[in-house]
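Structure data follow from coords26.txt (compact mmCIF, C-alpha atoms and all ligand atoms):
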# COMPACT_ATOMS: atom_id res chain seq x y z
CA MET A 92 6.76 -9.16 -119.87
CA LEU A 93 9.95 -11.08 -119.07
CA VAL A 94 10.93 -11.00 -122.72
CA ALA A 95 10.27 -7.28 -122.89
CA THR A 96 12.29 -6.58 -119.74
CA ALA A 97 15.27 -8.68 -120.86
CA LEU A 98 15.24 -7.05 -124.23
CA VAL A 99 15.02 -3.50 -122.89
CA CYS A 100 17.98 -4.24 -120.58
CA GLY A 101 20.00 -5.51 -123.51
CA LEU A 102 19.32 -2.42 -125.53
CA LEU A 103 20.63 0.29 -123.29
CA LEU A 104 22.52 1.87 -126.15
CA GLN A 105 19.32 2.45 -128.05
CA SER A 106 16.99 5.26 -127.17
CA ALA A 107 14.68 4.13 -124.39
CA HIS A 108 11.55 4.87 -126.38
CA ALA A 109 12.59 2.98 -129.51
CA ALA A 110 13.89 0.07 -127.43
CA GLU A 111 10.55 -0.21 -125.65
CA ALA A 112 8.61 -0.08 -128.91
CA VAL A 113 10.85 -2.81 -130.35
CA ALA A 114 10.50 -4.95 -127.20
CA ASP A 115 6.68 -4.60 -127.25
CA ARG A 116 6.51 -5.61 -130.87
CA VAL A 117 8.83 -8.57 -130.36
CA GLU A 118 6.89 -9.76 -127.33
CA ARG A 119 3.56 -9.64 -129.18
CA VAL A 120 5.00 -11.60 -132.12
CA LEU A 121 6.66 -14.28 -129.96
CA ARG A 122 3.30 -15.22 -128.41
CA LEU A 123 2.00 -16.39 -131.81
CA ARG A 124 2.28 -19.83 -133.36
CA ALA A 125 4.19 -19.81 -136.65
CA ASP A 126 2.78 -20.81 -140.04
CA THR A 127 6.01 -21.36 -141.98
CA ASN A 128 4.20 -22.02 -145.28
CA HIS A 129 2.72 -18.55 -145.08
CA GLY A 130 6.21 -17.30 -144.16
CA ARG A 131 7.64 -18.87 -147.31
CA THR A 132 4.99 -17.20 -149.48
CA LEU A 133 5.59 -13.79 -147.91
CA TYR A 134 9.35 -14.21 -148.24
CA SER A 135 9.15 -15.10 -151.96
CA GLN A 136 6.88 -12.16 -152.61
CA TYR A 137 8.66 -9.45 -150.63
CA CYS A 138 12.20 -10.42 -149.70
CA ALA A 139 13.62 -12.90 -152.22
CA ASN A 140 14.44 -10.30 -154.87
CA CYS A 141 17.13 -8.85 -152.59
CA HIS A 142 18.04 -11.64 -150.14
CA GLY A 143 17.88 -14.46 -152.73
CA ALA A 144 15.47 -17.37 -153.32
CA THR A 145 16.87 -19.42 -150.40
CA ALA A 146 17.94 -16.36 -148.40
CA LEU A 147 21.70 -16.78 -148.93
CA GLY A 148 22.31 -13.07 -149.60
CA ASP A 149 25.03 -12.03 -152.03
CA ALA A 150 28.72 -12.90 -151.78
CA ALA A 151 29.67 -9.24 -152.35
CA GLY A 152 28.18 -8.75 -148.89
CA THR A 153 25.80 -5.91 -149.73
CA VAL A 154 22.85 -8.08 -148.76
CA PRO A 155 23.19 -10.47 -145.80
CA SER A 156 22.38 -14.15 -145.72
CA LEU A 157 19.34 -14.76 -143.50
CA ALA A 158 19.11 -18.56 -143.87
CA GLY A 159 19.34 -20.40 -140.55
CA GLN A 160 19.68 -17.17 -138.55
CA ARG A 161 18.24 -17.26 -134.99
CA PRO A 162 14.53 -16.37 -135.13
CA ASN A 163 14.54 -13.97 -132.15
CA TYR A 164 17.43 -11.99 -133.64
CA LEU A 165 15.75 -11.84 -137.08
CA LEU A 166 12.58 -10.62 -135.47
CA LYS A 167 14.39 -7.97 -133.45
CA GLN A 168 16.20 -6.68 -136.54
CA VAL A 169 12.97 -6.38 -138.50
CA ALA A 170 11.38 -4.63 -135.50
CA ASP A 171 14.41 -2.29 -135.29
CA VAL A 172 13.92 -1.38 -138.97
CA LEU A 173 10.16 -0.89 -138.44
CA GLU A 174 10.80 1.42 -135.47
CA ASN A 175 13.57 3.29 -137.32
CA ASP A 176 16.10 2.04 -134.80
CA ARG A 177 18.29 0.41 -137.44
CA SER A 178 18.73 2.18 -140.70
CA VAL A 179 18.33 -0.08 -143.73
CA PRO A 180 17.17 2.41 -146.39
CA GLU A 181 16.54 -0.43 -148.86
CA MET A 182 13.98 -1.94 -146.52
CA HIS A 183 12.12 1.02 -145.03
CA GLN A 184 9.58 1.40 -147.78
CA LEU A 185 8.82 -2.30 -147.85
CA MET A 186 8.46 -2.48 -144.08
CA GLY A 187 5.83 0.25 -144.14
CA ARG A 188 3.43 -2.11 -145.90
CA TRP A 189 0.53 -3.44 -143.91
CA GLN A 190 1.77 -7.04 -143.98
CA PHE A 191 4.68 -6.18 -141.71
CA GLU A 192 2.58 -4.23 -139.28
CA ASP A 193 0.79 -7.56 -138.81
CA PRO A 194 2.50 -9.56 -136.00
CA GLN A 195 1.45 -12.89 -137.54
CA SER A 196 3.23 -12.11 -140.83
CA LEU A 197 6.42 -11.27 -138.96
CA ARG A 198 6.17 -14.48 -136.93
CA ASP A 199 5.71 -16.55 -140.07
CA VAL A 200 8.49 -15.03 -142.14
CA VAL A 201 11.20 -15.17 -139.43
CA SER A 202 10.25 -18.74 -138.47
CA TRP A 203 10.54 -19.86 -142.06
CA LEU A 204 13.97 -18.23 -142.42
CA ALA A 205 15.24 -19.77 -139.17
CA GLU A 206 14.48 -23.26 -140.46
CA LEU A 207 16.55 -22.91 -143.65
CA ALA A 208 20.06 -24.41 -143.84
CA PRO A 209 22.76 -21.75 -143.31
CA ASN A 210 24.80 -20.64 -146.29
CA PRO A 211 27.46 -23.36 -146.85
CA ARG A 212 29.64 -21.09 -149.03
CA PRO A 213 29.51 -17.47 -147.96
CA GLY A 214 31.96 -14.95 -149.45
CA VAL A 215 35.30 -15.15 -147.58
CA GLY A 216 38.31 -12.86 -147.07
CA SER A 217 41.91 -13.16 -148.25
CA GLY A 218 42.77 -16.12 -146.00
CA THR A 219 46.08 -14.57 -144.92
CA GLN A 220 45.23 -13.96 -141.24
CA VAL A 221 42.94 -16.79 -140.26
CA ALA A 222 45.10 -17.88 -137.29
CA GLU A 223 44.95 -14.36 -135.82
CA GLY A 224 41.21 -14.24 -136.48
CA THR A 225 40.71 -17.57 -134.68
CA ARG A 226 42.60 -16.35 -131.63
CA ILE A 227 40.64 -13.11 -131.33
CA TYR A 228 37.26 -14.67 -132.06
CA GLN A 229 37.62 -17.50 -129.55
CA ALA A 230 38.90 -15.10 -126.85
CA ASP A 231 36.60 -12.11 -127.36
CA CYS A 232 33.50 -13.16 -129.24
CA ALA A 233 32.74 -16.86 -128.69
CA GLY A 234 31.45 -16.22 -125.16
CA CYS A 235 28.36 -14.55 -126.66
CA HIS A 236 28.24 -15.74 -130.29
CA GLY A 237 29.21 -19.37 -129.53
CA ARG A 238 32.29 -21.41 -130.39
CA PHE A 239 30.94 -22.25 -133.83
CA GLY A 240 29.29 -18.87 -134.36
CA GLU A 241 25.91 -20.47 -133.73
CA GLY A 242 24.47 -17.52 -131.77
CA ASP A 243 22.00 -17.74 -128.88
CA ASN A 244 18.31 -17.48 -129.54
CA PRO A 245 17.00 -16.63 -126.03
CA SER A 246 19.55 -13.78 -125.70
CA TYR A 247 18.90 -12.34 -129.18
CA VAL A 248 22.55 -12.95 -130.13
CA PRO A 249 22.93 -13.56 -133.87
CA ALA A 250 24.55 -16.60 -135.44
CA LEU A 251 27.58 -15.42 -137.42
CA ARG A 252 28.49 -18.62 -139.29
CA GLY A 253 27.31 -18.76 -142.87
CA GLN A 254 27.51 -14.97 -143.17
CA HIS A 255 29.43 -13.14 -145.91
CA TYR A 256 32.83 -11.72 -145.06
CA SER A 257 32.16 -8.23 -146.45
CA TYR A 258 28.84 -7.95 -144.64
CA LEU A 259 30.40 -9.08 -141.33
CA ARG A 260 33.25 -6.63 -141.73
CA ARG A 261 30.92 -3.72 -142.45
CA GLN A 262 28.62 -4.54 -139.52
CA MET A 263 31.54 -4.98 -137.12
CA ALA A 264 32.88 -1.56 -138.04
CA ALA A 265 29.40 -0.01 -137.72
CA LEU A 266 28.85 -1.60 -134.29
CA ALA A 267 32.32 -0.66 -133.03
CA THR A 268 31.86 2.99 -133.97
CA GLY A 269 28.28 3.28 -132.72
CA HIS A 270 26.81 3.76 -136.22
CA ARG A 271 24.73 0.73 -135.49
CA THR A 272 23.38 0.26 -131.98
CA GLY A 273 21.93 -2.88 -130.47
CA MET A 274 25.04 -4.68 -129.25
CA ASP A 275 25.48 -4.19 -125.53
CA GLY A 276 28.35 -2.30 -123.88
CA GLU A 277 30.69 -5.24 -123.49
CA GLY A 278 30.42 -6.55 -127.06
CA ARG A 279 30.86 -3.07 -128.40
CA GLN A 280 33.91 -2.41 -126.24
CA ARG A 281 35.53 -5.64 -127.38
CA LEU A 282 34.92 -4.78 -131.00
CA GLY A 283 36.15 -1.24 -130.41
CA ARG A 284 39.44 -2.46 -128.95
CA ILE A 285 40.57 -4.39 -132.02
CA SER A 286 42.42 -2.71 -134.90
CA LEU A 287 41.08 -2.57 -138.46
CA THR A 288 43.53 -5.28 -139.54
CA GLN A 289 42.34 -7.49 -136.71
CA LEU A 290 38.74 -6.76 -137.64
CA ASP A 291 39.54 -8.06 -141.10
CA ALA A 292 41.14 -11.20 -139.65
CA VAL A 293 38.12 -11.96 -137.43
CA ALA A 294 35.60 -11.41 -140.23
CA ASP A 295 37.63 -13.72 -142.47
CA TYR A 296 37.78 -16.43 -139.78
CA ILE A 297 34.02 -16.20 -139.08
CA SER A 298 33.14 -16.45 -142.77
CA ARG A 299 35.07 -19.76 -142.84
CA LEU A 300 33.30 -21.35 -139.84
CA PRO A 301 31.54 -24.54 -140.90
CA SER A 302 27.76 -24.49 -140.90
CA GLU A 303 26.46 -25.70 -137.54
CA ARG A 304 25.26 -29.01 -138.94
CA ASP A 305 28.86 -29.83 -139.89
CA ALA A 306 30.27 -28.55 -136.63
CA VAL A 307 28.02 -30.57 -134.35
CA PRO A 308 28.34 -34.27 -135.24
CA ASP A 309 25.40 -35.41 -133.09
CA GLY A 310 22.77 -33.40 -134.90
CA ASN A 311 21.80 -29.85 -134.41
CA PRO A 312 21.10 -28.81 -130.81
CA PHE A 313 20.67 -25.22 -131.95
CA ALA A 314 17.76 -25.91 -134.29
CA PRO A 315 14.85 -23.52 -133.67
CA GLY A 316 12.62 -26.34 -132.41
CA ALA A 317 15.20 -27.33 -129.78
CA GLN A 318 15.03 -24.04 -127.88
C1 LIG B 401 15.40 -3.81 -151.57
C2 LIG B 401 16.23 -4.84 -151.00
C3 LIG B 401 15.74 -5.55 -149.77
C4 LIG B 401 14.51 -6.15 -149.55
C5 LIG B 401 13.31 -6.20 -150.50
C6 LIG B 401 14.57 -6.76 -148.23
N1 LIG B 401 15.80 -6.53 -147.66
FE1 LIG B 401 16.41 -7.15 -145.80
N2 LIG B 401 18.17 -6.17 -146.05
C7 LIG B 401 18.58 -5.53 -147.20
C8 LIG B 401 19.93 -4.99 -147.00
C9 LIG B 401 20.73 -4.21 -148.01
C10 LIG B 401 20.30 -5.33 -145.67
C11 LIG B 401 21.63 -4.98 -144.97
C12 LIG B 401 21.60 -3.62 -144.40
C13 LIG B 401 22.89 -3.21 -143.75
O1 LIG B 401 23.92 -3.31 -144.39
O2 LIG B 401 22.84 -2.82 -142.58
C14 LIG B 401 19.17 -6.09 -145.11
C15 LIG B 401 19.15 -6.58 -143.81
C16 LIG B 401 18.16 -7.40 -143.30
C17 LIG B 401 18.17 -8.01 -141.98
C18 LIG B 401 19.27 -7.90 -140.93
C19 LIG B 401 20.19 -9.10 -141.08
C20 LIG B 401 21.29 -9.18 -140.09
O3 LIG B 401 22.08 -10.15 -140.18
O4 LIG B 401 21.43 -8.32 -139.25
C21 LIG B 401 17.02 -8.74 -141.86
C22 LIG B 401 16.58 -9.58 -140.66
C23 LIG B 401 16.27 -8.58 -143.09
N3 LIG B 401 16.99 -7.76 -143.96
C24 LIG B 401 15.05 -9.17 -143.35
C25 LIG B 401 14.29 -8.93 -144.50
C26 LIG B 401 12.97 -9.47 -144.71
C27 LIG B 401 12.24 -10.41 -143.74
C28 LIG B 401 12.53 -8.98 -145.92
C29 LIG B 401 11.18 -9.18 -146.57
C30 LIG B 401 10.03 -8.90 -145.74
C31 LIG B 401 13.59 -8.13 -146.46
N4 LIG B 401 14.65 -8.14 -145.57
C32 LIG B 401 13.53 -7.46 -147.66
C33 LIG B 401 17.86 -5.41 -148.36
C34 LIG B 401 16.54 -5.81 -148.56
C1 LIG B 402 28.39 -9.42 -124.66
C2 LIG B 402 27.99 -10.22 -125.82
C3 LIG B 402 28.70 -9.99 -127.13
C4 LIG B 402 30.06 -10.00 -127.38
C5 LIG B 402 31.21 -10.23 -126.38
C6 LIG B 402 30.21 -9.81 -128.81
N1 LIG B 402 28.98 -9.66 -129.40
FE1 LIG B 402 28.62 -9.37 -131.38
N2 LIG B 402 26.63 -9.09 -131.01
C7 LIG B 402 26.03 -9.26 -129.79
C8 LIG B 402 24.61 -8.94 -129.90
C9 LIG B 402 23.57 -8.98 -128.79
C10 LIG B 402 24.41 -8.55 -131.26
C11 LIG B 402 23.09 -8.10 -131.91
C12 LIG B 402 23.00 -6.60 -131.96
C13 LIG B 402 21.66 -6.14 -132.47
O1 LIG B 402 20.63 -6.60 -131.99
O2 LIG B 402 21.66 -5.30 -133.40
C14 LIG B 402 25.70 -8.68 -131.92
C15 LIG B 402 25.91 -8.42 -133.28
C16 LIG B 402 27.09 -8.71 -133.95
C17 LIG B 402 27.25 -8.63 -135.40
C18 LIG B 402 26.20 -8.27 -136.43
C19 LIG B 402 25.63 -9.54 -137.04
C20 LIG B 402 24.65 -9.30 -138.17
O3 LIG B 402 24.12 -10.30 -138.68
O4 LIG B 402 24.38 -8.16 -138.54
C21 LIG B 402 28.55 -8.99 -135.67
C22 LIG B 402 29.20 -9.10 -137.04
C23 LIG B 402 29.19 -9.26 -134.39
N3 LIG B 402 28.28 -9.08 -133.37
C24 LIG B 402 30.51 -9.64 -134.24
C25 LIG B 402 31.16 -9.74 -133.01
C26 LIG B 402 32.59 -9.96 -132.86
C27 LIG B 402 33.55 -10.14 -134.00
C28 LIG B 402 32.86 -9.97 -131.51
C29 LIG B 402 34.21 -10.12 -130.84
C30 LIG B 402 35.22 -9.15 -131.16
C31 LIG B 402 31.58 -9.79 -130.83
N4 LIG B 402 30.59 -9.63 -131.76
C32 LIG B 402 31.43 -9.78 -129.44
C33 LIG B 402 26.65 -9.67 -128.61
C34 LIG B 402 28.03 -9.77 -128.41

Let's see the structure in the file written out as structure tokens.
Amino acid sequence: MLVATALVCGLLLQSAHAAEAVADRVERVLRLRADTNHGRTLYSQYCANCHGATALGDAAGTVPSLAGQRPNYLLKQVADVLENDRSVPEMHQLMGRWQFEDPQSLRDVVSWLAELAPNPRPGVGSGTQVAEGTRIYQADCAGCHGRFGEGDNPSYVPALRGQHYSYLRRQMAALATGHRTGMDGEGRQRLGRISLTQLDAVADYISRLPSERDAVPDGNPFAPGAQ
């Protein structure tokens, strides 16, 4: 119930009904114990043809990297797609299959993805405005997404490191303009305040963040098992 309440509060921009349906689904799935081997099999069968064999997405940024993403965020995105609260036309048909109505399958596939190493070489931007991107990111975004872009699993905040520049840029624009909901008022306002050139600079900086294993010399405190 706590999970559901926290999630509904975080989703005020979404329609109340869809947000509740997403929260219910997420809560049911989180109660289950993951079988990552089953997750790997499902992933190879249903997701790898678009997201890639090790879930690194494509550098052109049409398809996102999913490797090493926070499990709660992955789960919420899949639930958003299932409840038609995030539009990913490529995935709607697939998500209608019985496997993804099954909470255990969802648990298994997101847990497997969360354990993979993040993409060490995502597509990057021009490299001309990285200093500006650093300044904006550390001032406006790091408070939620983490200094190294590692995200925050309990709060459903995605990791951004290891993600492709073009994908980041497109999602930032969609979130800022309300074409994609899900980010709360404050994050959206901060994104909305920055110009298109600055948006470019931030996306470029994020795509160059080292993978968390490089950034944290003493191991990986953000690993799924550590939360
Ligand atoms: C036909 C191609 C295709 C298939 C198959 C597919 N996806 Fe996707 N997926 C996409 C595209 C394209 C996007 C990005 C949509 C956008 O730009 O908003 C995406 C986005 C996502 C996201 C959101 C990522 C983020 O960072 O917000 C998740 C999670 C996801 N897919 C999981 C899966 C899983 C799990 C499977 C298999 C069960 C799967 N996808 C199968 C094409 C596909
Ligand atoms: C108040 C917290 C908060 C702040 C501040 C914030 N974000 Fe977010 N951001 C979120 C949450 C939560 C989501 C997930 C939205 C969802 O569930 O669809 C998100 C999603 C995103 C995504 C989509 C990731 C993906 O894989 O699809 C990007 C890109 C992003 N934020 C970039 C930024 C940038 C750049 C800034 C600073 C200008 C920023 N955010 C500030 C909380 C925040």

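With all atoms listed in the file as the basis for measurement, A:Ile227 is the residue among A:Ile285, A:Ile227, A:Cys138, A:Ala110 that approaches A:Ile297 most closely.
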
Please extract the residues at most 6 Å from ligand LIG 401 (chain B), counting only C-alpha atoms and all ligand atoms, and provide them as a list of chain:residue names, using the chain letters and residue numbers of this document.
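Taking only C-alpha atoms and all ligand atoms into account, the residues around ligand LIG 401 (chain B) at most 6 Å away are A:Tyr134, A:Tyr137, A:Cys138, A:Cys141, A:Thr153, A:Val154, A:Pro155, A:Leu165, A:Gln168, A:Val169, A:Val179, A:Glu181, A:Met182.
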
Counting only C-alpha atoms, which residue out of A:Ala230, A:Leu133, A:Val221, A:Val172 sits closest to A:Gln190?
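Comparing A:Ala230, A:Leu133, A:Val221, A:Val172 against A:Gln190, the winner is A:Leu133.
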
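In this structure, atom CA of A:Arg284 sits 26.3 Å away from atom CA of A:Pro301.
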
Closest-contact table, chain A side, partner ligand LIG 402 (chain B), 9 Å, counting all atoms listed in the file, as a Markdown table:
| residue | atom | partner | partner_atom | distance |
| --- | --- | --- | --- | --- |
| A:Gly101 | CA | B:LIG402 | C9 | 7.3 |
| A:Leu102 | CA | B:LIG402 | O1 | 7.8 |
| A:Pro155 | CA | B:LIG402 | O3 | 7.2 |
| A:Ser156 | CA | B:LIG402 | O3 | 8.2 |
| A:Leu157 | CA | B:LIG402 | O3 | 8.1 |
| A:Gln160 | CA | B:LIG402 | O3 | 8.2 |
| A:Tyr164 | CA | B:LIG402 | O1 | 6.5 |
| A:Leu165 | CA | B:LIG402 | O3 | 8.7 |
| A:Lys167 | CA | B:LIG402 | O1 | 6.6 |
| A:Gln168 | CA | B:LIG402 | O1 | 6.4 |
| A:Asp171 | CA | B:LIG402 | O2 | 8.1 |
| A:Arg177 | CA | B:LIG402 | O2 | 7.8 |
| A:Ile227 | CA | B:LIG402 | C30 | 6.7 |
| A:Tyr228 | CA | B:LIG402 | C29 | 5.6 |
| A:Gln229 | CA | B:LIG402 | C29 | 8.2 |
| A:Ala230 | CA | B:LIG402 | C29 | 7.9 |
| A:Asp231 | CA | B:LIG402 | C29 | 4.7 |
| A:Cys232 | CA | B:LIG402 | C29 | 3.5 |
| A:Ala233 | CA | B:LIG402 | C5 | 7.2 |
| A:Gly234 | CA | B:LIG402 | C5 | 6.1 |
| A:Cys235 | CA | B:LIG402 | C2 | 4.4 |
| A:His236 | CA | B:LIG402 | N1 | 6.2 |
| A:Gly242 | CA | B:LIG402 | C7 | 8.6 |
| A:Asp243 | CA | B:LIG402 | C9 | 8.9 |
| A:Ser246 | CA | B:LIG402 | C9 | 7.0 |
| A:Tyr247 | CA | B:LIG402 | C9 | 5.8 |
| A:Val248 | CA | B:LIG402 | C9 | 4.3 |
| A:Pro249 | CA | B:LIG402 | C19 | 5.8 |
| A:Ala250 | CA | B:LIG402 | O3 | 7.1 |
| A:Leu251 | CA | B:LIG402 | C19 | 6.2 |
| A:Gln254 | CA | B:LIG402 | O3 | 7.3 |
| A:Tyr258 | CA | B:LIG402 | O4 | 7.6 |
| A:Leu259 | CA | B:LIG402 | C22 | 4.5 |
| A:Arg260 | CA | B:LIG402 | C22 | 6.7 |
| A:Arg261 | CA | B:LIG402 | C22 | 7.8 |
| A:Gln262 | CA | B:LIG402 | C22 | 5.2 |
| A:Met263 | CA | B:LIG402 | C22 | 4.7 |
| A:Ala264 | CA | B:LIG402 | C22 | 8.4 |
| A:Ala265 | CA | B:LIG402 | C18 | 9.0 |
| A:Leu266 | CA | B:LIG402 | C17 | 7.3 |
| A:Arg271 | CA | B:LIG402 | O2 | 7.1 |
| A:Thr272 | CA | B:LIG402 | O2 | 6.0 |
| A:Gly273 | CA | B:LIG402 | O2 | 3.8 |
| A:Met274 | CA | B:LIG402 | C12 | 3.9 |
| A:Asp275 | CA | B:LIG402 | C1 | 6.0 |
| A:Gly276 | CA | B:LIG402 | C1 | 7.2 |
| A:Glu277 | CA | B:LIG402 | C1 | 4.9 |
| A:Gly278 | CA | B:LIG402 | C4 | 3.5 |
| A:Arg279 | CA | B:LIG402 | C6 | 6.8 |
| A:Gln280 | CA | B:LIG402 | C5 | 8.3 |
| A:Arg281 | CA | B:LIG402 | C30 | 5.2 |
| A:Leu282 | CA | B:LIG402 | C30 | 4.4 |
| A:Gly283 | CA | B:LIG402 | C30 | 8.0 |
| A:Arg284 | CA | B:LIG402 | C30 | 8.2 |
| A:Ile285 | CA | B:LIG402 | C30 | 7.2 |
| A:Leu290 | CA | B:LIG402 | C27 | 7.2 |
| A:Val293 | CA | B:LIG402 | C27 | 6.0 |
| A:Ala294 | CA | B:LIG402 | C27 | 6.7 |
| A:Ile297 | CA | B:LIG402 | C27 | 7.9 |

Atomic distance atom CA of A:Asn210 - atom CA of A:Ser298, expressed in Å with one decimal:
10.0 Å

Between A:Glu192, A:Glu241, A:Glu111, A:Glu223, single out the one closest to A:Pro209, counting only C-alpha atoms.
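Among the listed residues, the smallest separation from A:Pro209 belongs to A:Glu241.
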
What does the structure give for the distance between atom CA of A:Pro162 and atom CA of A:Ala125, in Å to one decimal?
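Straight-line distance from atom CA of A:Pro162 to atom CA of A:Ala125 works out to 11.0 Å.
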
If you take every atom of stretch 253-260 of chain A that the file lists and fit an axis-aligned box around them with 3 Å extra on each side, what centre and edge lengths come out in Å to one decimal, as AutoDock Vina command-line options?
--center_x 30.3 --center_y -12.7 --center_z -143.9 --size_x 11.9 --size_y 18.1 --size_z 11.1

Selected residue, from A:Gln195, A:Asn175, A:Gln289, A:Tyr256, that lies nearest to A:Gly148 when counting all atoms listed in the file:
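Result for the nearest residue to A:Gly148: A:Tyr256.
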
For the point (12.0, -15.3, -133.6) in the file's frame, write as a PyMOL selection string all residues with an atom no more than 10 Å away, counting all atoms listed in the file.
chain A and resi 117-118+120-121+125+160-167+197-205+244-245+247+315

From the list A:Ala170, A:Leu287, A:Ala267, A:Leu207, which residue is nearest A:Gly130 when using all atoms listed in the file?
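Closest to A:Gly130 of all the choices is A:Leu207.
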